[in-house]
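Here's the structure we're looking at; comments come further down.
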Amino acid sequence: MKLLVTGGAGFIGTNYIHYVLDTHPTDEVVVLDALTYAGNIENFQRIEHNPRFRFVKGDICDAALVDKLVQQVDAVVHIAAETHVDRSIHNADDFVRTNVLGTQVLLDACRKHFNKRFHHVSTDEVFGSLGRTGIFRENTPYEPRSPYSASKAGADHLVSAAFHTHGQAVTISNCTNNYGPYCFPEKFIPLFITNLLEGKKVPLYGDGMNIRDWIYVADHCKGIDVALRKGRNGETYCFGGRNERSNTEVAQMILFEMGYGQEMIQTVRDRPGHDRRYAIDPEKAETELGWAAETPFLHGLRKTIEWYKTNTSWWKRIKNGEYREYYEKQYGVNGITGPAPERPFDIRGEKT
Ligand code: NAD
Ligand code: TDX
């Protein structure tokens, strides 16, 4: 297959394209990524010269560019999004634009070009917040509570509408919190690990008793891939790690693994509207797709800590802003919210 992967320069996208190129020896991958603050082409160092890989810097809201790229592939794996809840609380504009509008632009192009297969990567946050009991499943009603999750819910509904209205070949996956290599150090686990590597304290929101269901990113990537190849059109698949932990528990595990004590925890003001608990029942994906999360949490956490210890320059260049210099030199544009360049170039400088 030839895949168009949106958001391939971010955390899950990077892990996914490495997975595809390693696992499917004849597949080709075209990455479309706007290189916002969260995208980093330094992630492509291992595959930069792989002839089955091509990178296009551009915006998923750019209908002409999307149209052109969709024509060149067999399927689209839509991973691009604005993803950080705290940023969406501060300003939701980019969330609505990229997550809602961008998804529709991709769907329109897929419909136009012989109903190209479309897999949409989404989150468990669209289902809202659980109390002590309960679990999210594919048929759980949507009740998003942050601007981020509301924009992802809007995108999911558009994908679903494309199936019901136009008969488009779509699937959706809703996954729990991911952790692992290449996660931008604004998210909980990489922020805590990198702060400790710098000898800084870690900021725990509120009472620290919010619960997340953590899944190792490689397990999620396998799920995305199997949903793309084996999923039934119009279906949603929920992926989770069967691994619920309070933030305090995760913080304590990280501190212990890195040789620090409780004194490094700094309790800070809570996130407004902070969802209390997320948990997914992944049974449908397990039985229908033969998928299961395989990485035990302690093992995955140790691998993740090791990755951040080994790849110090990767996250240090992010934390001090230097990671942007490389592509600003290449493209001469600041990708944060700026318009997509008129003529996108691929990573080797060729016109697309
Ligand atoms: P990320 O923030 O690390 O990466 C997002 C990528 O999308 C970046 O490379 C960015 O440059 C790109 N992007 C943003 N706006 C774009 C635009 N307009 N056009 C083209 N590219 C654009 O995100 P992530 O954590 O890898 O999440 C990827 C997807 O997985 C998202 O859809 C998210 O909702 C979903 N998801 C994430 C998690 C998680 O725990 N991280 C869990 C479940 C689902
Ligand atoms: O500094 C922090 N301190 C803290 O206590 C940060 C950044 C987070 N937290 C808490 C908030 C959450 O309860 O840790 C938990 C995890 O926070 P995030 O890493 O921001 O993730 P979350 O808000 O749960 O959303 C994530 O999972 C689902 C991703 O960011 C989303 O993109 C994904 O859809």
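FYI, nothing fancy with the structure tokens labels: chains A, B, ... in order, residues from 1 per chain, ligands from 1 as they appear.
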What's the 10 Å shell around Lys68 in chain A, counting only C-alpha atoms, without same-chain residues fewer than 3 positions away, as a count of residues only? 9
Counting only C-alpha atoms and all ligand atoms, which protein, DNA or RNA residues come within 8 Å of ligand 1, given as a compact mmCIF listing (two decimals) with C-alpha atoms, in the first residue's frame?
# COMPACT_ATOMS: atom_id res chain seq x y z
CA THR A 6 -0.88 13.21 8.27
CA GLY A 7 0.95 14.45 11.36
CA GLY A 8 3.84 12.06 10.75
CA ALA A 9 6.35 14.42 12.38
CA GLY A 10 4.61 14.27 15.77
CA PHE A 11 4.77 11.70 18.56
CA ILE A 12 2.37 8.97 17.38
CA GLY A 13 2.91 9.75 13.69
CA THR A 14 6.68 9.27 13.97
CA LEU A 32 2.03 15.48 5.28
CA ASP A 33 2.86 17.64 8.28
CA ALA A 34 2.68 21.39 8.86
CA LEU A 35 5.57 21.25 11.35
CA THR A 36 3.79 23.17 14.05
CA TYR A 37 5.63 23.50 17.36
CA ALA A 38 4.85 19.76 17.88
CA GLY A 39 6.31 18.48 14.62
CA ASN A 40 10.01 17.76 14.34
CA LYS A 57 5.60 20.13 4.62
CA GLY A 58 2.06 21.44 4.37
CA ASP A 59 -1.22 22.04 6.07
CA ILE A 60 -4.11 19.56 6.07
CA CYS A 61 -6.45 22.57 5.62
CA HIS A 78 -5.11 10.81 9.64
CA ILE A 79 -2.99 11.47 12.74
CA ALA A 80 -2.39 15.23 12.50
CA ALA A 81 -4.06 17.34 15.19
CA GLU A 82 -3.56 19.98 17.80
CA THR A 83 -3.28 17.73 20.83
CA HIS A 84 -2.41 19.44 24.09
CA ASP A 94 -5.94 26.15 15.95
CA ARG A 97 -9.20 24.78 12.42
CA THR A 98 -6.90 21.76 12.24
CA ASN A 99 -8.96 19.14 14.03
CA GLY A 102 -8.65 19.80 8.40
CA HIS A 120 -9.06 8.52 11.61
CA VAL A 121 -6.97 8.49 14.80
CA SER A 122 -8.89 9.84 17.76
CA THR A 123 -8.93 9.87 21.51
CA ASP A 124 -10.87 8.47 24.47
CA GLU A 125 -11.33 12.07 25.69
CA LYS A 152 -11.74 15.86 18.25
CA ASN A 174 -10.27 6.08 19.97
CA CYS A 175 -7.24 5.45 22.14
CA THR A 176 -6.21 6.14 25.71
CA ASN A 177 -3.11 8.09 26.81
CA ASN A 178 0.07 7.11 24.97
CA TYR A 179 3.63 7.20 26.31
CA TYR A 182 9.34 11.03 20.64
CA CYS A 183 6.56 12.38 22.87
CA PHE A 184 6.78 16.17 23.05
CA GLY A 335 5.39 26.56 11.03
* **Selection as a PyMOL selection string: residues within 8 Å of ligand 2 by only C-alpha atoms and all ligand atoms** => chain A and resi 82-86+122-125+148-149+175-178+186-189+191-192+202-206+208+210-212+247+270-271+274-277
All residues 8 Å or closer to range 217-224 of chain A, only C-alpha atoms, same chain fewer than 2 positions away omitted, as a VMD selection string: chain A and resid 12 15 to 16 19 119 121 173 175 178 to 181 215 226 to 228 239 291 to 295
Taking the DSSP assignment computed from this structure's backbone, write out as a PyMOL selection string all residues of range 70-287 of chain A that belong to strand (DSSP E).
chain A and resi 75-78+117-123+170-175+177-179+202-205+211-216+236-239+244-246+265-268
With only C-alpha atoms as the counted atoms, please give the residues lying no more than 6 Å from Leu4 in chain A, apart from itself and same-chain residues fewer than 6 positions off, as a PyMOL selection string.
chain A and resi 30-31+76
With a distance cut-off of 9 Å and only C-alpha atoms, select the neighbouring residues of Glu257 in chain A, excluding the residue or stretch itself and same-chain residues fewer than 6 positions from it, and output the selection as an NGL selection string. :A and (301-302 or 305)
Let's have the selection written as a short mmCIF file (atom, residue, chain, number, x, y, z; two decimals), in the first residue's frame, with N, CA, C and O atoms.
data_model
loop_
_atom_site.label_atom_id
_atom_site.label_comp_id
_atom_site.auth_asym_id
_atom_site.auth_seq_id
_atom_site.Cartn_x
_atom_site.Cartn_y
_atom_site.Cartn_z
N LEU A 301 7.58 1.93 30.72
CA LEU A 301 8.05 3.15 31.39
C LEU A 301 9.59 3.16 31.46
O LEU A 301 10.24 4.19 31.20
N ARG A 302 10.16 1.98 31.78
CA ARG A 302 11.63 1.90 31.84
C ARG A 302 12.24 2.16 30.47
O ARG A 302 13.25 2.86 30.34
N ILE A 305 11.99 5.94 29.84
CA ILE A 305 12.99 6.71 30.60
C ILE A 305 14.36 6.54 29.94
O ILE A 305 15.11 7.50 29.75
#
